[in-house]
file model35.csv (CSV, C-alpha atoms and all ligand atoms)
chain,number,residue,atom,x,y,z
X,1,MET,CA,-23.5,-5.8,6.3
X,2,THR,CA,-20.8,-5.9,3.6
X,3,ARG,CA,-18.9,-9.1,3.2
X,4,SER,CA,-15.2,-8.2,2.6
X,5,LEU,CA,-12.2,-10.3,1.9
X,6,VAL,CA,-8.7,-9.1,2.5
X,7,ILE,CA,-5.9,-11.1,0.8
X,8,GLY,CA,-2.4,-10.3,2.0
X,9,ALA,CA,-4.0,-9.6,5.4
X,10,GLY,CA,-0.8,-9.6,7.4
X,11,GLY,CA,0.9,-6.6,5.8
X,12,GLN,CA,1.4,-2.9,6.3
X,13,ILE,CA,-1.8,-1.7,4.5
X,14,ALA,CA,-4.0,-4.5,5.9
X,15,SER,CA,-3.1,-3.5,9.5
X,16,ASP,CA,-5.1,-0.3,9.0
X,17,LEU,CA,-7.6,-1.4,6.3
X,18,ILE,CA,-9.0,-4.4,8.2
X,19,PRO,CA,-9.8,-2.3,11.3
X,20,ALA,CA,-11.4,0.3,9.0
X,21,LEU,CA,-13.6,-2.3,7.4
X,22,HIS,CA,-14.5,-3.9,10.7
X,23,ARG,CA,-15.4,-0.4,12.2
X,24,ARG,CA,-17.8,0.2,9.4
X,25,GLY,CA,-19.6,-3.0,10.2
X,26,ASP,CA,-18.3,-5.4,7.6
X,27,GLU,CA,-18.0,-9.1,8.0
X,28,VAL,CA,-14.3,-9.5,7.2
X,29,ARG,CA,-12.4,-12.6,6.2
X,30,MET,CA,-8.6,-12.6,5.9
X,31,LEU,CA,-6.1,-14.6,4.0
X,32,ASP,CA,-2.3,-14.5,4.1
X,33,LEU,CA,0.6,-16.9,3.3
X,34,LEU,CA,1.6,-16.7,6.9
X,35,PRO,CA,-0.4,-17.5,10.1
X,36,PRO,CA,-1.5,-14.2,11.8
X,37,GLU,CA,1.0,-14.2,14.6
X,38,ARG,CA,3.9,-14.4,12.2
X,39,THR,CA,2.9,-11.3,10.2
X,40,ASN,CA,4.1,-7.7,10.5
X,41,GLY,CA,0.6,-6.6,11.1
X,42,PHE,CA,-0.3,-8.9,13.9
X,43,ARG,CA,0.4,-6.5,16.8
X,44,ALA,CA,-1.8,-3.8,15.3
X,45,LEU,CA,-4.6,-6.2,14.4
X,46,ASP,CA,-4.6,-8.1,17.6
X,47,GLY,CA,-4.7,-4.8,19.6
X,48,TYR,CA,-7.5,-3.5,17.5
X,49,PHE,CA,-9.7,-6.7,17.7
X,50,ARG,CA,-9.1,-7.2,21.4
X,51,SER,CA,-10.2,-3.6,22.1
X,52,ALA,CA,-13.2,-4.1,19.9
X,53,GLY,CA,-14.2,-7.1,22.1
X,54,ASP,CA,-13.4,-9.7,19.4
X,55,PRO,CA,-10.4,-11.7,20.7
X,56,GLY,CA,-11.3,-14.7,18.5
X,57,TRP,CA,-10.7,-12.8,15.2
X,58,THR,CA,-8.0,-15.2,14.0
X,59,LYS,CA,-10.7,-17.8,13.4
X,60,ARG,CA,-11.6,-15.8,10.3
X,61,TRP,CA,-8.0,-16.0,9.0
X,62,THR,CA,-6.9,-18.6,6.4
X,63,ALA,CA,-3.1,-19.3,6.0
X,64,ALA,CA,-2.6,-20.2,2.3
X,65,ASP,CA,-0.8,-19.2,-0.9
X,66,ALA,CA,-2.9,-16.6,-2.8
X,67,ALA,CA,-0.9,-17.1,-6.0
X,68,LYS,CA,-1.8,-20.7,-6.6
X,69,GLY,CA,-3.9,-23.5,-5.3
X,70,SER,CA,-7.5,-23.7,-4.3
X,71,ALA,CA,-7.7,-21.5,-1.2
X,72,VAL,CA,-8.7,-18.2,-2.9
X,73,PRO,CA,-11.2,-19.7,-5.4
X,74,GLU,CA,-12.8,-21.7,-2.5
X,75,ILE,CA,-13.1,-18.7,-0.2
X,76,ILE,CA,-14.5,-16.5,-3.0
X,77,ALA,CA,-17.0,-19.2,-4.0
X,78,GLY,CA,-18.1,-20.0,-0.5
X,79,PHE,CA,-18.0,-16.6,1.3
X,80,ARG,CA,-19.3,-14.7,-1.7
X,81,PRO,CA,-17.6,-11.4,-0.8
X,82,GLN,CA,-19.0,-8.1,-2.1
X,83,GLU,CA,-15.6,-6.4,-1.9
X,84,VAL,CA,-12.1,-8.0,-2.3
X,85,TYR,CA,-9.0,-6.1,-1.4
X,86,LEU,CA,-6.0,-7.9,-2.9
X,87,LEU,CA,-2.8,-6.8,-1.2
X,88,THR,CA,-0.3,-9.6,-1.8
X,89,ALA,CA,2.9,-8.6,-3.4
X,90,LEU,CA,6.7,-8.8,-3.2
X,91,LEU,CA,7.6,-5.0,-3.0
X,92,SER,CA,10.2,-3.1,-5.0
X,93,ALA,CA,13.4,-3.8,-3.1
X,94,VAL,CA,12.7,-7.4,-2.3
X,95,GLY,CA,11.3,-8.0,-5.9
X,96,GLU,CA,14.6,-6.9,-7.5
X,97,GLY,CA,16.4,-9.5,-5.5
X,98,LYS,CA,13.8,-12.2,-6.4
X,99,PRO,CA,12.4,-11.2,-9.7
X,100,GLY,CA,11.0,-14.6,-10.7
X,101,LEU,CA,9.1,-14.9,-7.4
X,102,CYS,CA,8.0,-11.3,-7.7
X,103,LEU,CA,6.5,-12.0,-11.1
X,104,ASP,CA,4.8,-15.3,-9.8
X,105,VAL,CA,3.3,-13.8,-6.7
X,106,ASN,CA,2.3,-10.4,-7.9
X,107,MET,CA,0.8,-11.6,-11.3
X,108,GLY,CA,-0.3,-15.0,-10.1
X,109,SER,CA,-2.3,-13.7,-7.2
X,110,LEU,CA,-4.0,-11.1,-9.3
X,111,ARG,CA,-4.8,-13.5,-12.1
X,112,LEU,CA,-6.2,-16.1,-9.7
X,113,CYS,CA,-8.3,-13.5,-7.9
X,114,LEU,CA,-9.7,-12.1,-11.2
X,115,GLU,CA,-10.6,-15.6,-12.4
X,116,SER,CA,-12.2,-16.5,-9.1
X,117,ILE,CA,-14.4,-13.3,-9.1
X,118,ASP,CA,-15.2,-13.8,-12.8
X,119,ALA,CA,-16.5,-17.3,-11.9
X,120,MET,CA,-18.9,-15.9,-9.2
X,121,PRO,CA,-22.6,-15.9,-10.0
X,122,ALA,CA,-24.0,-12.3,-10.0
X,123,PRO,CA,-23.6,-10.2,-8.0
X,124,LYS,CA,-19.8,-10.4,-8.3
X,125,ALA,CA,-17.3,-8.8,-6.0
X,126,ARG,CA,-15.6,-5.5,-6.7
X,127,LEU,CA,-11.8,-5.9,-6.7
X,128,LEU,CA,-9.5,-3.2,-5.3
X,129,TRP,CA,-5.8,-3.9,-6.2
X,130,PRO,CA,-3.2,-1.3,-5.3
X,131,SER,CA,-0.7,-0.3,-7.9
X,132,SER,CA,2.3,2.0,-7.2
X,133,ILE,CA,4.3,4.9,-8.4
X,134,ALA,CA,6.8,2.2,-9.4
X,135,ALA,CA,4.7,1.9,-12.5
X,136,PHE,CA,6.6,5.0,-13.7
X,137,GLY,CA,10.2,5.4,-14.7
X,138,PRO,CA,12.4,7.5,-17.1
X,139,ILE,CA,10.6,8.1,-20.4
X,140,PRO,CA,13.0,7.6,-23.3
X,141,GLY,CA,14.0,10.9,-24.7
X,142,HIS,CA,12.3,13.0,-22.0
X,143,PRO,CA,14.7,15.5,-20.4
X,144,GLY,CA,15.2,14.6,-16.8
X,145,GLY,CA,13.4,11.3,-17.3
X,146,LEU,CA,10.0,12.2,-15.9
X,147,PRO,CA,7.8,15.3,-15.9
X,148,ASP,CA,7.2,16.9,-12.5
X,149,PRO,CA,4.5,16.4,-11.4
X,150,VAL,CA,3.7,13.0,-12.8
X,151,GLY,CA,0.0,12.4,-13.6
X,152,ASP,CA,-2.4,9.7,-14.7
X,153,ASP,CA,-1.5,10.0,-18.4
X,154,THR,CA,2.3,10.1,-17.9
X,155,PRO,CA,3.7,7.1,-20.0
X,156,CYS,CA,4.7,4.1,-17.9
X,157,PHE,CA,8.3,2.9,-18.2
X,158,PRO,CA,8.9,0.9,-15.0
X,159,THR,CA,12.5,0.1,-14.1
X,160,THR,CA,11.9,-2.7,-11.5
X,161,MET,CA,10.3,-6.1,-11.8
X,162,TYR,CA,7.8,-4.9,-9.2
X,163,GLY,CA,6.9,-1.9,-11.4
X,164,VAL,CA,6.6,-4.2,-14.4
X,165,THR,CA,4.0,-6.3,-12.5
X,166,LYS,CA,2.2,-3.2,-11.5
X,167,VAL,CA,1.8,-1.9,-15.1
X,168,ALA,CA,0.9,-5.4,-16.3
X,169,GLY,CA,-1.6,-5.9,-13.5
X,170,GLU,CA,-3.3,-2.5,-14.2
X,171,LEU,CA,-3.7,-3.5,-17.9
X,172,LEU,CA,-4.9,-7.0,-17.0
X,173,GLY,CA,-7.5,-5.6,-14.6
X,174,ALA,CA,-8.6,-3.0,-17.1
X,175,TRP,CA,-9.3,-5.8,-19.6
X,176,TYR,CA,-11.4,-7.7,-17.1
X,177,ALA,CA,-13.3,-4.5,-16.4
X,178,ARG,CA,-13.8,-3.5,-20.1
X,179,THR,CA,-15.2,-6.9,-20.9
X,180,GLY,CA,-17.6,-6.8,-18.0
X,181,ARG,CA,-16.0,-9.7,-16.2
X,182,VAL,CA,-14.7,-8.0,-13.0
X,183,ASP,CA,-15.3,-4.5,-11.6
X,184,PHE,CA,-11.5,-3.9,-11.1
X,185,ARG,CA,-10.2,-0.7,-9.5
X,186,SER,CA,-6.7,0.4,-8.7
X,187,LEU,CA,-4.7,3.2,-7.1
X,188,ARG,CA,-1.1,4.2,-7.9
X,189,PHE,CA,0.1,4.7,-4.3
X,190,PRO,CA,3.1,6.6,-3.2
X,191,GLY,CA,5.2,5.3,-0.2
X,192,LEU,CA,2.8,4.7,2.7
X,193,LEU,CA,3.5,5.4,6.3
X,194,ASN,CA,1.9,4.0,9.5
X,195,ALA,CA,2.9,2.2,12.7
X,196,THR,CA,3.4,-1.2,11.0
X,197,PRO,CA,6.9,-2.2,9.8
X,198,PRO,CA,6.9,-2.1,5.9
X,199,GLY,CA,7.5,-5.1,3.7
X,200,GLY,CA,10.7,-4.2,1.8
X,201,GLY,CA,10.0,-1.2,-0.4
X,202,THR,CA,12.2,1.7,-1.5
X,203,THR,CA,10.4,4.2,0.7
X,204,ASP,CA,10.9,2.2,3.9
X,205,PHE,CA,13.6,4.6,5.0
X,206,ALA,CA,11.0,7.1,6.0
X,207,ASN,CA,9.1,4.6,8.1
X,208,GLU,CA,12.4,3.8,9.8
X,209,MET,CA,13.0,7.4,10.7
X,210,TYR,CA,9.7,7.7,12.5
X,211,PHE,CA,10.2,4.4,14.4
X,212,ALA,CA,13.8,5.5,15.4
X,213,ALA,CA,12.5,8.8,16.7
X,214,VAL,CA,9.8,7.1,18.9
X,215,GLU,CA,12.4,4.5,20.1
X,216,ARG,CA,14.9,7.4,20.9
X,217,ARG,CA,17.6,6.0,18.7
X,218,PRO,CA,19.5,7.5,15.8
X,219,SER,CA,18.2,6.6,12.4
X,220,ARG,CA,20.3,5.2,9.6
X,221,ASP,CA,18.7,6.0,6.3
X,222,PHE,CA,19.7,4.4,3.0
X,223,LEU,CA,18.9,7.3,0.7
X,224,ARG,CA,20.6,10.7,0.0
X,225,GLU,CA,19.1,13.5,2.1
X,226,ASP,CA,18.0,15.5,-1.0
X,227,THR,CA,15.9,12.6,-2.3
X,228,ARG,CA,12.4,13.8,-2.8
X,229,LEU,CA,9.6,11.2,-3.1
X,230,PRO,CA,5.8,11.1,-2.8
X,231,PHE,CA,4.4,9.7,0.4
X,232,MET,CA,0.9,9.2,2.0
X,233,TYR,CA,-0.2,8.8,5.5
X,234,MET,CA,-2.1,5.5,5.8
X,235,PRO,CA,-5.4,6.9,7.0
X,236,ASP,CA,-5.6,8.8,3.7
X,237,ALA,CA,-4.6,5.6,1.8
X,238,VAL,CA,-7.3,3.5,3.5
X,239,ARG,CA,-9.9,6.2,2.8
X,240,SER,CA,-8.9,6.4,-0.8
X,241,MET,CA,-9.3,2.6,-1.1
X,242,LEU,CA,-12.8,2.7,0.5
X,243,GLU,CA,-13.9,5.7,-1.5
X,244,LEU,CA,-12.7,4.3,-4.9
X,245,THR,CA,-14.3,0.9,-4.1
X,246,ALA,CA,-17.6,2.7,-3.3
X,247,ALA,CA,-17.6,5.1,-6.2
X,248,ASP,CA,-20.4,4.9,-8.8
X,249,PRO,CA,-18.9,3.0,-11.8
X,250,ALA,CA,-20.5,5.5,-14.2
X,251,ARG,CA,-18.2,8.2,-12.7
X,252,LEU,CA,-15.0,6.3,-13.4
X,253,SER,CA,-13.2,7.5,-16.5
X,254,ARG,CA,-10.4,5.0,-15.9
X,255,ARG,CA,-9.7,2.0,-13.8
X,256,THR,CA,-6.4,3.1,-12.3
X,257,TYR,CA,-5.9,6.4,-10.5
X,258,VAL,CA,-2.9,8.3,-9.2
X,259,VAL,CA,-3.4,9.6,-5.6
X,260,ALA,CA,-1.2,12.2,-4.0
X,261,GLY,CA,-0.4,13.0,-0.4
X,262,LEU,CA,2.8,14.9,0.2
X,263,SER,CA,6.3,15.1,-1.4
X,264,PRO,CA,9.0,15.9,1.2
X,265,SER,CA,12.7,15.3,0.8
X,266,ALA,CA,14.4,12.9,3.2
X,267,ARG,CA,16.1,16.0,4.9
X,268,GLU,CA,12.7,17.7,5.3
X,269,ILE,CA,11.3,14.5,6.9
X,270,ALA,CA,14.2,14.4,9.4
X,271,ALA,CA,13.7,18.1,10.2
X,272,SER,CA,10.0,17.6,10.8
X,273,ILE,CA,10.6,14.7,13.1
X,274,ALA,CA,13.2,16.7,15.0
X,275,LYS,CA,10.7,19.5,15.5
X,276,HIS,CA,7.8,17.3,16.6
X,277,VAL,CA,9.5,14.6,18.6
X,278,GLU,CA,10.2,17.1,21.4
X,279,ARG,CA,6.5,16.9,22.4
X,280,ILE,CA,6.6,13.2,23.1
X,281,HIS,CA,10.2,12.9,24.3
X,282,PRO,CA,11.1,16.3,25.9
X,283,GLY,CA,14.8,17.0,25.5
X,284,HIS,CA,15.4,14.2,23.0
X,285,ARG,CA,17.5,15.3,19.9
X,286,PHE,CA,16.6,13.2,16.8
X,287,GLU,CA,19.6,12.4,14.6
X,288,ALA,CA,19.4,11.0,11.1
X,289,ALA,CA,22.4,9.7,9.2
X,290,PHE,CA,22.1,9.5,5.5
X,291,LEU,CA,24.2,6.6,4.1
X,292,PRO,CA,24.8,6.8,0.4
X,293,GLY,CA,25.5,3.8,-1.9
X,294,ASP,CA,22.5,1.7,-1.2
X,295,PRO,CA,21.0,0.0,-4.4
X,296,ARG,CA,17.6,1.4,-3.4
X,297,GLN,CA,18.9,4.9,-4.3
X,298,LYS,CA,19.0,3.8,-8.0
X,299,ILE,CA,15.3,2.8,-7.8
X,300,ALA,CA,14.3,6.1,-6.0
X,301,ASP,CA,16.1,8.1,-8.6
X,302,THR,CA,13.8,6.7,-11.3
X,303,TRP,CA,10.5,7.5,-9.5
X,304,PRO,CA,8.3,10.5,-9.6
X,305,ARG,CA,9.0,13.4,-7.2
X,306,THR,CA,5.5,14.8,-7.0
X,307,LEU,CA,2.2,13.6,-8.2
X,308,ASP,CA,-0.9,15.2,-9.9
X,309,ASP,CA,-4.1,13.4,-8.8
X,310,ALA,CA,-6.5,15.6,-10.8
X,311,CYS,CA,-8.5,12.6,-12.2
X,312,ALA,CA,-9.2,11.1,-8.8
X,313,ARG,CA,-10.3,14.6,-7.5
X,314,ARG,CA,-12.6,15.1,-10.5
X,315,ASP,CA,-14.1,11.6,-10.9
X,316,TRP,CA,-14.7,10.5,-7.2
X,317,GLY,CA,-14.0,13.6,-5.1
X,318,TRP,CA,-10.6,12.5,-3.7
X,319,ARG,CA,-8.6,14.9,-1.6
X,320,ALA,CA,-5.8,13.9,0.9
X,321,GLN,CA,-6.3,15.3,4.4
X,322,TYR,CA,-2.6,14.9,5.4
X,323,ALA,CA,-0.9,17.0,2.7
X,324,THR,CA,1.9,18.5,4.8
X,325,LEU,CA,4.5,17.2,7.2
X,326,ASP,CA,3.1,19.4,9.9
X,327,ALA,CA,-0.2,17.6,9.6
X,328,MET,CA,1.3,14.1,9.3
X,329,THR,CA,4.4,14.0,11.6
X,330,PRO,CA,2.7,14.6,15.0
X,331,ALA,CA,-0.1,12.1,14.1
X,332,LEU,CA,2.3,9.4,13.0
X,333,LEU,CA,4.6,9.8,16.0
X,334,ASP,CA,1.6,9.6,18.3
X,335,GLU,CA,0.3,6.5,16.5
X,336,ILE,CA,3.6,4.7,16.6
X,337,ARG,CA,4.0,5.5,20.3
X,338,ALA,CA,0.5,4.3,21.2
X,339,LYS,CA,0.8,1.1,19.2
X,340,GLN,CA,4.2,0.2,20.7
X,341,GLY,CA,2.5,0.5,24.2
X,401,LIG,N1,3.3,-0.1,1.5
X,401,LIG,C1,3.5,0.8,0.5
X,401,LIG,O1,4.2,1.8,0.7
X,401,LIG,C2,2.9,0.6,-0.8
X,401,LIG,C3,3.1,1.6,-1.8
X,401,LIG,C4,2.5,1.4,-3.0
X,401,LIG,C5,1.8,0.2,-3.3
X,401,LIG,N2,1.7,-0.7,-2.4
X,401,LIG,C6,0.9,-2.0,-2.7
X,401,LIG,O2,0.0,-2.3,-1.8
X,401,LIG,C7,-0.2,-3.7,-1.6
X,401,LIG,C8,0.0,-4.1,-0.2
X,401,LIG,O3,1.3,-3.5,0.3
X,401,LIG,P1,1.8,-3.8,1.8
X,401,LIG,O4,2.8,-2.7,2.0
X,401,LIG,O5,0.7,-4.0,2.7
X,401,LIG,O6,2.6,-5.1,1.6
X,401,LIG,P2,3.3,-6.0,2.7
X,401,LIG,O7,4.6,-6.6,2.1
X,401,LIG,O8,3.4,-5.3,4.0
X,401,LIG,O9,2.2,-7.2,2.9
X,401,LIG,C9,2.0,-8.1,1.9
X,401,LIG,C10,1.4,-9.3,2.6
X,401,LIG,O10,1.2,-10.3,1.5
X,401,LIG,C11,1.5,-11.6,2.1
X,401,LIG,N3,1.9,-12.5,0.9
X,401,LIG,C12,3.0,-12.5,0.2
X,401,LIG,N4,3.0,-13.4,-0.7
X,401,LIG,C13,1.8,-14.1,-0.5
X,401,LIG,C14,1.2,-15.2,-1.2
X,401,LIG,N5,1.8,-15.9,-2.2
X,401,LIG,N6,0.0,-15.6,-0.7
X,401,LIG,C15,-0.7,-15.0,0.3
X,401,LIG,N7,-0.1,-13.9,0.9
X,401,LIG,C16,1.1,-13.5,0.5
X,401,LIG,C17,2.7,-11.3,3.0
X,401,LIG,O11,2.8,-12.4,4.0
X,401,LIG,C18,2.3,-10.0,3.6
X,401,LIG,O12,1.6,-10.2,4.8
X,401,LIG,C19,0.9,-4.3,-2.6
X,401,LIG,O13,0.2,-4.6,-3.8
X,401,LIG,C20,1.8,-3.2,-2.8
X,401,LIG,O14,2.5,-3.3,-4.0
X,401,LIG,C21,2.2,-0.6,-1.1

call {"tool": "encode", "arguments": {"input": "model35.csv", "output": "structure tokens", "more": "lines below"}}
Ligand SMILES: NC(=O)c1ccc[n+]([C@@H]2O[C@H](COP(=O)([O-])OP(=O)(O)OC[C@H]3O[C@@H](n4cnc5c(N)ncnc54)[C@H](O)[C@@H]3O)[C@@H](O)[C@H]2O)c1
result
Amino acid sequence: MTRSLVIGAGGQIASDLIPALHRRGDEVRMLDLLPPERTNGFRALDGYFRSAGDPGWTKRWTAADAAKGSAVPEIIAGFRPQEVYLLTALLSAVGEGKPGLCLDVNMGSLRLCLESIDAMPAPKARLLWPSSIAAFGPIPGHPGGLPDPVGDDTPCFPTTMYGVTKVAGELLGAWYARTGRVDFRSLRFPGLLNATPPGGGTTDFANEMYFAAVERRPSRDFLREDTRLPFMYMPDAVRSMLELTAADPARLSRRTYVVAGLSPSAREIAASIAKHVERIHPGHRFEAAFLPGDPRQKIADTWPRTLDDACARRDWGWRAQYATLDAMTPALLDEIRAKQG
């Protein structure tokens, strides 16, 4: 039985990662700044654990700050996890409003976690820390800002404080790995979609469209309809985390990997929802309103449109299963409807 620790356990990714770890038989401990019932992920986690016959799951939850204090070092020293998934962050849109806090939380939690794992006696935990496509931004002198697609070796010029913390964190983790201190691994994720409300990122508009369709209300989206961004359905994202964490270190040519799912425009997402919502709500016409002028448009305009994940495919056999809207949209609509009861 693998001992796994999930830090930032109340968020969007954790709401699917924790059930996946539990299903595979792990002993899972959880930590978040908030108590479980105050997190976005509570509904999904409580539903999962109750159906798995484990209604007392919140006893394995610690409410504490992961960016400072003694909670993380104590849990890592006492529980001796074999795998740590560090998911704490202030996301791109929230981080631009609170840049100092974004720097403190994103870098502070990574530093404390790396130091705590480094202090473990062998065998030490592997650390999986998600990065983001926010690591990229317009390259000085490059026509159009970024190549299309963007790949692992595209130079990183982040435009947001969130992106700055992602690039800095990738480099910090790579140093800990290179010097043999911590087996650090990272994924540059695109916008992620599941049934849990997201935490304040630039790609949240897409989540909102799917929620609006299931709730039979019009959707108000904050980006232009021609905005094309990379996305990934959460089951693929969780699988990529588990696969990279399990990968033989000898096969890793780098410590951070781009992973790709699909790259629709906002208009294409709306059309796909309109096509597939008919099955769950016969006769319902989905309407999306695209409202220009939001500050998040400026962030989206600096991000990659499509991604090339050749290194992940080559090194550890990665391949997304949900690579088209026709594959993802029906599954996501069903998932949101089922979880909303
Ligand atoms: N969701 C996406 O679309 C996406 C895309 C790319 C990368 N990522 C990355 O994946 C990771 C997880 O993202 P998410 O969407 O699940 O985030 P989220 O915002 O949904 O969840 C983050 C969780 O961390 C907790 N947290 C915040 N500050 C904390 C602190 N000081 N101590 C303890 N807990 C704290 C929050 O309460 C929240 O439950 C982040 O590193 C994020 O940058 C997410």

call {"tool": "closest_atom_pairs", "arguments": {"input": "model35.csv", "of": "range 249-315 of chain X", "to": "range 221-227 of chain X", "cutoff": "9 Å", "atoms": "only C-alpha atoms", "output": "JSON lines"}}
result
{"residue": "X:Pro264", "atom": "CA", "partner": "X:Thr227", "partner_atom": "CA", "distance": 8.4}
{"residue": "X:Ser265", "atom": "CA", "partner": "X:Thr227", "partner_atom": "CA", "distance": 5.2}
{"residue": "X:Ala266", "atom": "CA", "partner": "X:Glu225", "partner_atom": "CA", "distance": 4.9}
{"residue": "X:Arg267", "atom": "CA", "partner": "X:Glu225", "partner_atom": "CA", "distance": 4.8}
{"residue": "X:Glu268", "atom": "CA", "partner": "X:Glu225", "partner_atom": "CA", "distance": 8.3}
{"residue": "X:Ala270", "atom": "CA", "partner": "X:Glu225", "partner_atom": "CA", "distance": 8.8}
{"residue": "X:Ala288", "atom": "CA", "partner": "X:Asp221", "partner_atom": "CA", "distance": 7.0}
{"residue": "X:Ala289", "atom": "CA", "partner": "X:Asp221", "partner_atom": "CA", "distance": 6.0}
{"residue": "X:Phe290", "atom": "CA", "partner": "X:Asp221", "partner_atom": "CA", "distance": 4.9}
{"residue": "X:Leu291", "atom": "CA", "partner": "X:Phe222", "partner_atom": "CA", "distance": 5.1}
{"residue": "X:Pro292", "atom": "CA", "partner": "X:Arg224", "partner_atom": "CA", "distance": 5.7}
{"residue": "X:Gly293", "atom": "CA", "partner": "X:Phe222", "partner_atom": "CA", "distance": 7.6}
{"residue": "X:Asp294", "atom": "CA", "partner": "X:Phe222", "partner_atom": "CA", "distance": 5.7}
{"residue": "X:Pro295", "atom": "CA", "partner": "X:Phe222", "partner_atom": "CA", "distance": 8.7}
{"residue": "X:Arg296", "atom": "CA", "partner": "X:Leu223", "partner_atom": "CA", "distance": 7.3}
{"residue": "X:Gln297", "atom": "CA", "partner": "X:Leu223", "partner_atom": "CA", "distance": 5.5}
{"residue": "X:Ala300", "atom": "CA", "partner": "X:Thr227", "partner_atom": "CA", "distance": 7.6}
{"residue": "X:Asp301", "atom": "CA", "partner": "X:Thr227", "partner_atom": "CA", "distance": 7.7}
{"residue": "X:Arg305", "atom": "CA", "partner": "X:Thr227", "partner_atom": "CA", "distance": 8.5}

call {"tool": "write_last_selection", "arguments": {"input": "model35.csv", "atoms": "C-alpha atoms", "output": "compact mmCIF listing (two decimals), keeping the file's coordinate frame"}}
result
# COMPACT_ATOMS: atom_id res chain seq x y z
CA PRO X 264 9.00 15.90 1.20
CA SER X 265 12.70 15.30 0.80
CA ALA X 266 14.40 12.90 3.20
CA ARG X 267 16.10 16.00 4.90
CA GLU X 268 12.70 17.70 5.30
CA ALA X 270 14.20 14.40 9.40
CA ALA X 288 19.40 11.00 11.10
CA ALA X 289 22.40 9.70 9.20
CA PHE X 290 22.10 9.50 5.50
CA LEU X 291 24.20 6.60 4.10
CA PRO X 292 24.80 6.80 0.40
CA GLY X 293 25.50 3.80 -1.90
CA ASP X 294 22.50 1.70 -1.20
CA PRO X 295 21.00 0.00 -4.40
CA ARG X 296 17.60 1.40 -3.40
CA GLN X 297 18.90 4.90 -4.30
CA ALA X 300 14.30 6.10 -6.00
CA ASP X 301 16.10 8.10 -8.60
CA ARG X 305 9.00 13.40 -7.20

call {"tool": "closest_atom_pairs", "arguments": {"input": "model35.csv", "of": "chain X", "to": "ligand LIG 401 (chain X)", "cutoff": "8 Å", "atoms": "only C-alpha atoms and all ligand atoms", "output": "tab-separated table"}}
result
residue	atom	partner	partner_atom	distance
X:Ile7	CA	X:LIG401	N7	6.4
X:Gly8	CA	X:LIG401	O10	3.6
X:Ala9	CA	X:LIG401	O12	5.7
X:Gly10	CA	X:LIG401	O12	3.6
X:Gly11	CA	X:LIG401	O9	3.2
X:Gln12	CA	X:LIG401	O5	3.8
X:Ile13	CA	X:LIG401	O5	3.8
X:Ala14	CA	X:LIG401	O5	5.7
X:Ser15	CA	X:LIG401	O5	7.8
X:Leu31	CA	X:LIG401	C15	6.6
X:Asp32	CA	X:LIG401	N7	3.9
X:Leu33	CA	X:LIG401	C15	3.8
X:Leu34	CA	X:LIG401	O11	5.3
X:Thr39	CA	X:LIG401	O12	5.7
X:Asn40	CA	X:LIG401	O12	6.7
X:Gly41	CA	X:LIG401	O12	7.3
X:Ala63	CA	X:LIG401	C15	7.5
X:Ala64	CA	X:LIG401	C15	5.9
X:Asp65	CA	X:LIG401	N6	3.7
X:Ala66	CA	X:LIG401	N6	3.7
X:Ala67	CA	X:LIG401	N5	4.8
X:Lys68	CA	X:LIG401	N5	7.4
X:Leu86	CA	X:LIG401	O13	7.1
X:Leu87	CA	X:LIG401	C8	4.0
X:Thr88	CA	X:LIG401	O10	3.7
X:Ala89	CA	X:LIG401	C19	4.8
X:Leu90	CA	X:LIG401	O7	6.1
X:Leu91	CA	X:LIG401	O14	5.5
X:Ser92	CA	X:LIG401	O14	7.8
X:Val105	CA	X:LIG401	N5	5.2
X:Asn106	CA	X:LIG401	O13	7.4
X:Ser109	CA	X:LIG401	N5	6.8
X:Trp129	CA	X:LIG401	O13	6.5
X:Pro130	CA	X:LIG401	O2	4.8
X:Ser131	CA	X:LIG401	C5	5.3
X:Ser132	CA	X:LIG401	C4	4.2
X:Ile133	CA	X:LIG401	C4	6.7
X:Ala134	CA	X:LIG401	C4	7.8
X:Tyr162	CA	X:LIG401	O14	7.6
X:Lys166	CA	X:LIG401	O14	7.5
X:Arg188	CA	X:LIG401	C4	6.7
X:Phe189	CA	X:LIG401	C4	4.3
X:Pro190	CA	X:LIG401	C3	5.2
X:Gly191	CA	X:LIG401	O1	3.7
X:Leu192	CA	X:LIG401	O1	3.8
X:Leu193	CA	X:LIG401	O1	6.7
X:Pro197	CA	X:LIG401	O8	7.4
X:Pro198	CA	X:LIG401	O8	5.1
X:Gly199	CA	X:LIG401	O7	3.6
X:Gly200	CA	X:LIG401	O7	6.6
X:Gly201	CA	X:LIG401	O1	6.6
X:Thr203	CA	X:LIG401	O1	6.6
X:Asp204	CA	X:LIG401	O1	7.4
X:Phe231	CA	X:LIG401	O1	7.9

call {"tool": "atom_distance", "arguments": {"input": "model35.csv", "atom1": "CA of Arg337 in chain X", "atom2": "CA of Ala44 in chain X"}}
result
12.0 Å

call {"tool": "closest_residue", "arguments": {"input": "model35.csv", "among": "X:Phe49, X:Phe42, X:Phe184, X:Phe136", "to": "Ile117 in chain X", "atoms": "all atoms listed in the file"}}
result
X:Phe184

call {"tool": "residues_around", "arguments": {"input": "model35.csv", "residues": "Met107 in chain X", "least_positions_apart": "5", "cutoff": "8 Å", "atoms": "all atoms listed in the file", "output": "ChimeraX atom specification"}}
result
/X:67,165,168-169

call {"tool": "write_last_selection", "arguments": {"input": "model35.csv", "atoms": "C-alpha atoms", "output": "mmCIF file, keeping the file's coordinate frame"}}
result
data_model
loop_
_atom_site.group_PDB
_atom_site.id
_atom_site.type_symbol
_atom_site.label_atom_id
_atom_site.label_comp_id
_atom_site.auth_asym_id
_atom_site.auth_seq_id
_atom_site.Cartn_x
_atom_site.Cartn_y
_atom_site.Cartn_z
ATOM 1 C CA ALA X 67 -0.900 -17.100 -6.000
ATOM 2 C CA THR X 165 4.000 -6.300 -12.500
ATOM 3 C CA ALA X 168 0.900 -5.400 -16.300
ATOM 4 C CA GLY X 169 -1.600 -5.900 -13.500
#
